[in-house]
>>> print(open('protein.txt').read())   # compact mmCIF, N, CA and C atoms
# COMPACT_ATOMS: atom_id res chain seq x y z
N MET A 1 -47.00 8.08 151.40
CA MET A 1 -45.63 7.73 151.69
C MET A 1 -44.78 8.97 151.96
N LYS A 2 -45.05 10.02 151.20
CA LYS A 2 -44.31 11.27 151.35
C LYS A 2 -44.55 11.86 152.74
N TYR A 3 -45.77 11.82 153.21
CA TYR A 3 -46.11 12.37 154.54
C TYR A 3 -45.54 11.51 155.65
N LEU A 4 -45.45 10.23 155.42
CA LEU A 4 -44.89 9.31 156.42
C LEU A 4 -43.43 9.64 156.70
N LYS A 5 -42.67 10.00 155.67
CA LYS A 5 -41.28 10.38 155.86
C LYS A 5 -41.17 11.62 156.74
N TYR A 6 -42.04 12.60 156.51
CA TYR A 6 -42.02 13.83 157.30
C TYR A 6 -42.42 13.58 158.74
N ILE A 7 -43.38 12.71 158.92
CA ILE A 7 -43.83 12.39 160.29
C ILE A 7 -42.71 11.68 161.06
N VAL A 8 -42.06 10.71 160.43
CA VAL A 8 -40.98 9.98 161.07
C VAL A 8 -39.81 10.92 161.36
N LEU A 9 -39.49 11.78 160.40
CA LEU A 9 -38.41 12.74 160.60
C LEU A 9 -38.72 13.70 161.75
N THR A 10 -39.95 14.16 161.82
CA THR A 10 -40.37 15.05 162.91
C THR A 10 -40.29 14.35 164.26
N LEU A 11 -40.71 13.11 164.33
CA LEU A 11 -40.63 12.33 165.56
C LEU A 11 -39.18 12.14 166.01
N LEU A 12 -38.29 11.83 165.08
CA LEU A 12 -36.88 11.63 165.43
C LEU A 12 -36.25 12.91 165.95
N ILE A 13 -36.58 14.02 165.32
CA ILE A 13 -36.03 15.30 165.77
C ILE A 13 -36.56 15.65 167.15
N SER A 14 -37.84 15.44 167.40
CA SER A 14 -38.41 15.76 168.71
C SER A 14 -37.85 14.86 169.80
N ILE A 15 -37.59 13.61 169.49
CA ILE A 15 -37.00 12.70 170.48
C ILE A 15 -35.56 13.13 170.78
N ALA A 16 -34.82 13.49 169.73
CA ALA A 16 -33.43 13.93 169.93
C ALA A 16 -33.37 15.21 170.75
N MET A 17 -34.28 16.12 170.52
CA MET A 17 -34.30 17.37 171.27
C MET A 17 -34.73 17.14 172.72
N GLY A 18 -35.63 16.21 172.93
CA GLY A 18 -36.10 15.92 174.29
C GLY A 18 -35.09 15.15 175.12
N ALA A 19 -34.16 14.47 174.47
CA ALA A 19 -33.16 13.67 175.19
C ALA A 19 -31.94 14.49 175.59
N GLU A 20 -32.01 15.78 175.38
CA GLU A 20 -30.89 16.65 175.73
C GLU A 20 -30.69 16.69 177.24
N ALA A 21 -29.45 16.66 177.65
CA ALA A 21 -29.13 16.67 179.08
C ALA A 21 -29.46 18.03 179.69
N LYS A 22 -29.87 17.99 180.93
CA LYS A 22 -30.16 19.22 181.67
C LYS A 22 -29.18 19.33 182.82
N THR A 23 -28.67 20.52 182.99
CA THR A 23 -27.79 20.79 184.11
C THR A 23 -28.61 21.50 185.16
N VAL A 24 -28.69 20.92 186.34
CA VAL A 24 -29.50 21.49 187.41
C VAL A 24 -28.67 21.63 188.68
N LYS A 25 -29.14 22.51 189.55
CA LYS A 25 -28.54 22.61 190.88
C LYS A 25 -29.29 21.63 191.77
N ALA A 26 -28.55 20.71 192.33
CA ALA A 26 -29.16 19.73 193.22
C ALA A 26 -29.39 20.40 194.58
N LYS A 27 -30.60 20.25 195.11
CA LYS A 27 -30.88 20.83 196.42
C LYS A 27 -29.99 20.19 197.48
N HIS A 28 -29.78 18.89 197.35
CA HIS A 28 -28.92 18.16 198.27
C HIS A 28 -28.03 17.24 197.45
N MET A 29 -26.73 17.40 197.58
CA MET A 29 -25.77 16.49 196.96
C MET A 29 -24.93 15.95 198.11
N TYR A 30 -25.04 14.66 198.33
CA TYR A 30 -24.31 14.02 199.43
C TYR A 30 -23.00 13.48 198.86
N MET A 31 -21.89 13.94 199.44
CA MET A 31 -20.60 13.48 198.94
C MET A 31 -19.61 13.26 200.07
N PHE A 32 -18.63 12.44 199.77
CA PHE A 32 -17.54 12.20 200.70
C PHE A 32 -16.27 12.03 199.90
N GLY A 33 -15.16 12.26 200.56
CA GLY A 33 -13.87 12.17 199.90
C GLY A 33 -13.07 10.99 200.42
N PHE A 34 -12.19 10.51 199.57
CA PHE A 34 -11.30 9.41 199.88
C PHE A 34 -9.91 9.80 199.39
N ALA A 35 -8.91 9.61 200.23
CA ALA A 35 -7.54 9.96 199.85
C ALA A 35 -6.60 8.83 200.22
N ALA A 36 -5.75 8.47 199.29
CA ALA A 36 -4.78 7.40 199.51
C ALA A 36 -3.46 7.79 198.86
N SER A 37 -2.42 7.07 199.24
CA SER A 37 -1.11 7.31 198.67
C SER A 37 -0.47 5.98 198.31
N PHE A 38 0.36 6.00 197.29
CA PHE A 38 1.09 4.80 196.91
C PHE A 38 2.32 4.60 197.79
N LYS A 39 2.63 5.60 198.61
CA LYS A 39 3.84 5.55 199.43
C LYS A 39 3.61 5.00 200.83
N ASP A 40 2.37 5.02 201.31
CA ASP A 40 2.12 4.47 202.65
C ASP A 40 0.76 3.77 202.69
N SER A 41 0.47 3.16 203.81
CA SER A 41 -0.73 2.35 203.93
C SER A 41 -1.87 3.06 204.66
N VAL A 42 -1.77 4.37 204.84
CA VAL A 42 -2.83 5.12 205.52
C VAL A 42 -3.76 5.70 204.47
N VAL A 43 -5.06 5.43 204.62
CA VAL A 43 -6.07 6.02 203.75
C VAL A 43 -6.97 6.90 204.60
N TYR A 44 -7.49 7.95 204.01
CA TYR A 44 -8.34 8.89 204.72
C TYR A 44 -9.72 8.93 204.06
N MET A 45 -10.74 9.05 204.90
CA MET A 45 -12.11 9.19 204.41
C MET A 45 -12.77 10.34 205.15
N THR A 46 -13.44 11.20 204.40
CA THR A 46 -14.19 12.28 205.05
C THR A 46 -15.57 11.76 205.42
N GLU A 47 -16.26 12.52 206.24
CA GLU A 47 -17.65 12.20 206.54
C GLU A 47 -18.51 12.51 205.33
N ILE A 48 -19.69 11.91 205.27
CA ILE A 48 -20.64 12.25 204.22
C ILE A 48 -21.16 13.64 204.51
N GLN A 49 -21.07 14.51 203.50
CA GLN A 49 -21.47 15.90 203.68
C GLN A 49 -22.59 16.26 202.70
N ASP A 50 -23.49 17.10 203.16
CA ASP A 50 -24.57 17.61 202.31
C ASP A 50 -24.10 18.93 201.72
N VAL A 51 -23.76 18.90 200.43
CA VAL A 51 -23.30 20.10 199.75
C VAL A 51 -24.48 20.66 198.94
N LYS A 52 -24.91 21.82 199.31
CA LYS A 52 -26.07 22.42 198.65
C LYS A 52 -25.62 23.16 197.38
N ASP A 53 -26.50 23.20 196.41
CA ASP A 53 -26.29 23.92 195.14
C ASP A 53 -25.15 23.37 194.30
N ALA A 54 -24.89 22.08 194.40
CA ALA A 54 -23.90 21.46 193.52
C ALA A 54 -24.55 21.24 192.16
N MET A 55 -23.82 21.48 191.09
CA MET A 55 -24.35 21.32 189.74
C MET A 55 -24.28 19.85 189.34
N TYR A 56 -25.34 19.40 188.65
CA TYR A 56 -25.53 17.99 188.38
C TYR A 56 -26.10 17.84 186.97
N ASP A 57 -25.55 16.92 186.19
CA ASP A 57 -26.06 16.62 184.86
C ASP A 57 -27.07 15.49 184.98
N THR A 58 -28.32 15.75 184.61
CA THR A 58 -29.38 14.77 184.82
C THR A 58 -29.30 13.57 183.88
N LYS A 59 -28.76 13.77 182.69
CA LYS A 59 -28.71 12.66 181.75
C LYS A 59 -27.60 11.67 182.11
N SER A 60 -26.41 12.16 182.32
CA SER A 60 -25.29 11.27 182.63
C SER A 60 -25.17 10.99 184.13
N LYS A 61 -25.96 11.70 184.93
CA LYS A 61 -25.93 11.58 186.40
C LYS A 61 -24.51 11.82 186.92
N PHE A 62 -23.92 12.89 186.44
CA PHE A 62 -22.53 13.22 186.76
C PHE A 62 -22.47 14.55 187.48
N LEU A 63 -21.65 14.60 188.50
CA LEU A 63 -21.42 15.82 189.26
C LEU A 63 -20.49 16.72 188.49
N LEU A 64 -20.95 17.92 188.16
CA LEU A 64 -20.11 18.87 187.44
C LEU A 64 -19.13 19.50 188.42
N GLY A 65 -17.92 19.72 187.99
CA GLY A 65 -16.90 20.28 188.86
C GLY A 65 -16.32 19.25 189.81
N ARG A 66 -16.46 18.00 189.47
CA ARG A 66 -15.97 16.93 190.34
C ARG A 66 -14.48 17.06 190.60
N ASP A 67 -13.73 17.47 189.58
CA ASP A 67 -12.29 17.66 189.75
C ASP A 67 -11.99 18.79 190.73
N SER A 68 -12.84 19.81 190.76
CA SER A 68 -12.65 20.91 191.71
C SER A 68 -12.88 20.45 193.15
N TYR A 69 -13.85 19.56 193.34
CA TYR A 69 -14.09 19.03 194.68
C TYR A 69 -12.91 18.18 195.15
N SER A 70 -12.37 17.37 194.26
CA SER A 70 -11.21 16.56 194.67
C SER A 70 -9.98 17.45 194.87
N ASP A 71 -9.88 18.55 194.12
CA ASP A 71 -8.79 19.51 194.34
C ASP A 71 -8.90 20.17 195.71
N GLN A 72 -10.14 20.44 196.16
CA GLN A 72 -10.33 21.01 197.51
C GLN A 72 -9.76 20.06 198.56
N LEU A 73 -10.03 18.78 198.39
CA LEU A 73 -9.54 17.77 199.33
C LEU A 73 -8.02 17.64 199.25
N LYS A 74 -7.49 17.66 198.05
CA LYS A 74 -6.04 17.57 197.85
C LYS A 74 -5.33 18.77 198.48
N THR A 75 -5.92 19.96 198.33
CA THR A 75 -5.36 21.17 198.92
C THR A 75 -5.37 21.08 200.44
N TYR A 76 -6.43 20.52 201.01
CA TYR A 76 -6.51 20.34 202.46
C TYR A 76 -5.35 19.46 202.94
N PHE A 77 -5.12 18.34 202.26
CA PHE A 77 -4.04 17.44 202.69
C PHE A 77 -2.67 18.07 202.50
N ARG A 78 -2.49 18.83 201.43
CA ARG A 78 -1.20 19.45 201.17
C ARG A 78 -0.91 20.58 202.15
N GLU A 79 -1.89 21.45 202.40
CA GLU A 79 -1.64 22.63 203.22
C GLU A 79 -1.83 22.41 204.71
N LYS A 80 -2.86 21.71 205.10
CA LYS A 80 -3.16 21.54 206.53
C LYS A 80 -2.44 20.35 207.16
N MET A 81 -2.27 19.28 206.39
CA MET A 81 -1.68 18.07 206.97
C MET A 81 -0.28 17.78 206.44
N GLN A 82 0.22 18.61 205.53
CA GLN A 82 1.54 18.44 204.93
C GLN A 82 1.71 17.05 204.29
N LEU A 83 0.67 16.59 203.63
CA LEU A 83 0.70 15.32 202.90
C LEU A 83 0.43 15.62 201.43
N SER A 84 1.49 15.82 200.68
CA SER A 84 1.33 16.28 199.30
C SER A 84 1.16 15.17 198.28
N ASP A 85 1.33 13.94 198.69
CA ASP A 85 1.31 12.84 197.73
C ASP A 85 0.01 12.05 197.72
N ARG A 86 -1.07 12.65 198.12
CA ARG A 86 -2.36 11.96 198.19
C ARG A 86 -3.11 12.00 196.86
N VAL A 87 -3.71 10.89 196.51
CA VAL A 87 -4.62 10.82 195.37
C VAL A 87 -6.02 10.92 195.96
N CYS A 88 -6.77 11.93 195.54
CA CYS A 88 -8.08 12.20 196.14
C CYS A 88 -9.21 11.92 195.17
N VAL A 89 -10.26 11.30 195.69
CA VAL A 89 -11.44 10.94 194.91
C VAL A 89 -12.67 11.42 195.67
N VAL A 90 -13.67 11.87 194.93
CA VAL A 90 -14.92 12.31 195.53
C VAL A 90 -16.03 11.40 195.03
N MET A 91 -16.77 10.83 195.96
CA MET A 91 -17.93 10.00 195.64
C MET A 91 -19.18 10.80 196.00
N PHE A 92 -20.27 10.61 195.26
CA PHE A 92 -21.45 11.45 195.48
C PHE A 92 -22.73 10.72 195.13
N SER A 93 -23.83 11.27 195.61
CA SER A 93 -25.16 10.80 195.25
C SER A 93 -26.17 11.87 195.65
N THR A 94 -27.30 11.89 194.96
CA THR A 94 -28.36 12.82 195.34
C THR A 94 -29.20 12.26 196.48
N SER A 95 -29.00 11.00 196.79
CA SER A 95 -29.71 10.34 197.88
C SER A 95 -28.74 10.03 199.01
N LYS A 96 -29.13 10.37 200.23
CA LYS A 96 -28.25 10.11 201.37
C LYS A 96 -28.06 8.61 201.58
N LYS A 97 -29.11 7.85 201.36
CA LYS A 97 -29.04 6.40 201.54
C LYS A 97 -28.05 5.77 200.55
N LYS A 98 -28.06 6.22 199.30
CA LYS A 98 -27.12 5.70 198.30
C LYS A 98 -25.69 6.12 198.62
N ALA A 99 -25.53 7.34 199.12
CA ALA A 99 -24.19 7.81 199.49
C ALA A 99 -23.65 6.98 200.66
N GLU A 100 -24.49 6.67 201.62
CA GLU A 100 -24.07 5.84 202.76
C GLU A 100 -23.68 4.44 202.29
N LYS A 101 -24.42 3.91 201.34
CA LYS A 101 -24.12 2.59 200.81
C LYS A 101 -22.75 2.58 200.13
N LYS A 102 -22.45 3.61 199.33
CA LYS A 102 -21.15 3.72 198.68
C LYS A 102 -20.04 3.87 199.72
N TYR A 103 -20.31 4.67 200.75
CA TYR A 103 -19.34 4.92 201.81
C TYR A 103 -18.99 3.62 202.53
N LEU A 104 -20.00 2.87 202.92
CA LEU A 104 -19.78 1.61 203.64
C LEU A 104 -19.07 0.57 202.77
N LYS A 105 -19.40 0.53 201.50
CA LYS A 105 -18.76 -0.42 200.60
C LYS A 105 -17.27 -0.10 200.44
N LEU A 106 -16.95 1.17 200.29
CA LEU A 106 -15.54 1.57 200.16
C LEU A 106 -14.78 1.33 201.46
N ARG A 107 -15.41 1.68 202.57
CA ARG A 107 -14.75 1.50 203.87
C ARG A 107 -14.48 0.03 204.15
N LYS A 108 -15.42 -0.82 203.76
CA LYS A 108 -15.27 -2.26 203.98
C LYS A 108 -14.06 -2.83 203.25
N LYS A 109 -13.73 -2.25 202.09
CA LYS A 109 -12.57 -2.72 201.33
C LYS A 109 -11.26 -2.49 202.06
N TYR A 110 -11.23 -1.47 202.91
CA TYR A 110 -9.98 -1.09 203.56
C TYR A 110 -9.89 -1.48 205.03
N LEU A 111 -10.95 -2.02 205.58
CA LEU A 111 -10.92 -2.46 206.98
C LEU A 111 -10.70 -3.96 207.07
N SER A 112 -10.09 -4.40 208.15
CA SER A 112 -9.90 -5.82 208.39
C SER A 112 -11.21 -6.43 208.87
N ASN A 113 -11.42 -7.67 208.53
CA ASN A 113 -12.57 -8.40 209.05
C ASN A 113 -12.17 -9.86 209.28
N LYS A 114 -13.12 -10.72 209.56
CA LYS A 114 -12.81 -12.12 209.87
C LYS A 114 -12.22 -12.85 208.67
N LYS A 115 -12.62 -12.46 207.46
CA LYS A 115 -12.17 -13.17 206.27
C LYS A 115 -10.81 -12.71 205.76
N HIS A 116 -10.50 -11.43 205.93
CA HIS A 116 -9.20 -10.97 205.44
C HIS A 116 -8.64 -9.88 206.33
N THR A 117 -7.32 -9.87 206.42
CA THR A 117 -6.63 -8.86 207.22
C THR A 117 -6.17 -7.76 206.28
N SER A 118 -6.52 -6.56 206.62
CA SER A 118 -6.16 -5.42 205.79
C SER A 118 -4.79 -4.89 206.16
N THR A 119 -4.08 -4.43 205.16
CA THR A 119 -2.77 -3.82 205.40
C THR A 119 -2.90 -2.30 205.47
N TYR A 120 -4.13 -1.81 205.43
CA TYR A 120 -4.37 -0.37 205.45
C TYR A 120 -4.83 0.11 206.81
N GLU A 121 -4.48 1.33 207.12
CA GLU A 121 -4.99 1.99 208.32
C GLU A 121 -5.95 3.07 207.83
N VAL A 122 -7.19 3.00 208.28
CA VAL A 122 -8.21 3.96 207.86
C VAL A 122 -8.31 5.06 208.91
N ARG A 123 -8.17 6.31 208.46
CA ARG A 123 -8.34 7.47 209.33
C ARG A 123 -9.47 8.31 208.77
N TYR A 124 -10.19 8.96 209.68
CA TYR A 124 -11.37 9.73 209.28
C TYR A 124 -11.13 11.23 209.45
N VAL A 125 -11.66 11.98 208.50
CA VAL A 125 -11.56 13.44 208.52
C VAL A 125 -12.97 13.95 208.81
N THR A 126 -13.12 14.70 209.90
CA THR A 126 -14.44 15.19 210.30
C THR A 126 -14.79 16.49 209.56
N THR A 127 -16.04 16.87 209.65
CA THR A 127 -16.47 18.13 209.01
C THR A 127 -15.91 19.34 209.73
N GLN A 128 -15.47 19.19 210.98
CA GLN A 128 -14.81 20.31 211.67
C GLN A 128 -13.44 20.58 211.05
N ASP A 129 -12.81 19.54 210.52
CA ASP A 129 -11.49 19.67 209.91
C ASP A 129 -11.57 20.08 208.43
N PHE A 130 -12.49 19.48 207.71
CA PHE A 130 -12.61 19.75 206.27
C PHE A 130 -14.08 19.72 205.86
N GLU A 131 -14.45 20.68 205.03
CA GLU A 131 -15.81 20.72 204.51
C GLU A 131 -15.76 21.16 203.04
N PHE A 132 -16.49 20.44 202.18
CA PHE A 132 -16.55 20.80 200.77
C PHE A 132 -17.29 22.11 200.60
N GLU A 133 -16.78 22.94 199.70
CA GLU A 133 -17.44 24.20 199.33
C GLU A 133 -18.09 24.01 197.97
N PRO A 134 -19.31 24.52 197.77
CA PRO A 134 -19.95 24.39 196.45
C PRO A 134 -19.11 25.06 195.37
N VAL A 135 -19.03 24.43 194.22
CA VAL A 135 -18.26 24.95 193.10
C VAL A 135 -19.20 25.69 192.16
N ALA A 136 -18.87 26.94 191.85
CA ALA A 136 -19.68 27.73 190.91
C ALA A 136 -19.31 27.33 189.50
N MET A 137 -20.28 26.87 188.77
CA MET A 137 -20.06 26.44 187.38
C MET A 137 -20.58 27.53 186.46
N ASP A 138 -19.67 28.36 185.95
CA ASP A 138 -20.04 29.40 185.01
C ASP A 138 -20.11 28.79 183.61
N GLU A 139 -21.17 29.12 182.91
CA GLU A 139 -21.36 28.54 181.58
C GLU A 139 -20.63 29.32 180.52
>>> encode(input="protein.txt", output="structure tokens")
Amino acid sequence: MKYLKYIVLTLLISIAMGAEAKTVKAKHMYMFGFAASFKDSVVYMTEIQDVKDAMYDTKSKFLLGRDSYSDQLKTYFREKMQLSDRVCVVMFSTSKKKAEKKYLKLRKKYLSNKKHTSTYEVRYVTTQDFEFEPVAMDE
């Protein structure tokens, strides 16, 4: 019985240590930005971009520095387009197919179709106009 306690305790510790999250640089991180305002009906969407060396948490599947990427987009709208009241969001995936699926789903919400008429005007931002820069995550 005494040895059983030690074996169980050792197993629990090894499982807890093995479940630790790993932060890795993703070879390909596909992301796009979305910007909207509460003051008007124009929404902006960037193209899906392949951002190399983006930091990624494997356990939570979360993009590190996500706020910095949305700040890049917000700065673009404030400085280049003189639109300071935009709320910017960055969507991402390590798979291009999944990123495209998210992109199409979001775009569908803001476009008119046969079932519903949208009150939004969707405008697109090309990679020639704006491109995400990899964020250096210093530990």
>>> residues_around(input="protein.txt", residues="Thr119 (chain A)", least_positions_apart="5", cutoff="8 Å", atoms="only N, CA and C atoms", output="list in words")
Asp40, Ser41, Val42, Tyr110, Leu111 and Ser112 of chain A
>>> residues_around(input="protein.txt", residues="Ala26 (chain A)", least_positions_apart="4", cutoff="6.5 Å", atoms="only N, CA and C atoms", output="NGL selection string")
:A and (52-56)
>>> closest_residue(input="protein.txt", among="A:Lys59, A:Arg66, A:Lys39, A:Lys101", to="Thr23 (chain A)", atoms="only N, CA and C atoms")
A:Lys59
>>> closest_residue(input="protein.txt", among="A:Arg86, A:His116, A:Ala36, A:Ile48", to="Tyr103 (chain A)", atoms="only C-alpha atoms")
A:Ile48
>>> residues_around(input="protein.txt", residues="Leu64 (chain A)", least_positions_apart="2", cutoff="12 Å", atoms="only C-alpha atoms", output="list in words")
Lys22, Thr23, Val24, Lys25, Ala26, Met29, Asp53, Ala54, Met55, Tyr56, Asp57, Thr58, Ser60, Lys61, Phe62, Arg66, Asp67, Ser68, Tyr69, Ser70, Val90, Phe92, Pro134, Val135, Ala136, Met137, Asp138 and Glu139 of chain A
>>> select_by_dssp(input="protein.txt", residues="region 77-113 of chain A", states="strand (DSSP E)", output="MDAnalysis selection string")
chainID A and resid 87:93
>>> atom_distance(input="protein.txt", atom1="atom N of Lys96 (chain A)", atom2="atom C of Tyr30 (chain A)")
7.0 Å
>>> atom_distance(input="protein.txt", atom1="atom C of Asp71 (chain A)", atom2="atom N of Asp50 (chain A)")
16.7 Å
>>> atom_distance(input="protein.txt", atom1="atom N of Tyr124 (chain A)", atom2="atom C of Glu79 (chain A)")
16.6 Å
>>> residues_near_point(input="protein.txt", point="(-7.3, 21.2, 209.4)", cutoff="7 Å", atoms="only C-alpha atoms", output="NGL selection string")
:A and (80-81 or 129-130)
>>> closest_residue(input="protein.txt", among="A:Ser118, A:Thr46, A:Gln72, A:Gln82", to="Glu133 (chain A)", atoms="only N, CA and C atoms")
A:Gln72
>>> residues_around(input="protein.txt", residues="Thr127 (chain A)", least_positions_apart="4", cutoff="12 Å", atoms="only C-alpha atoms", output="list in words")
Met31, Phe32, Gly33, Met45, Thr46, Glu47, Ile48, Gln49, Asp50, Val51, Leu73, Glu131, Phe132 and Glu133 of chain A
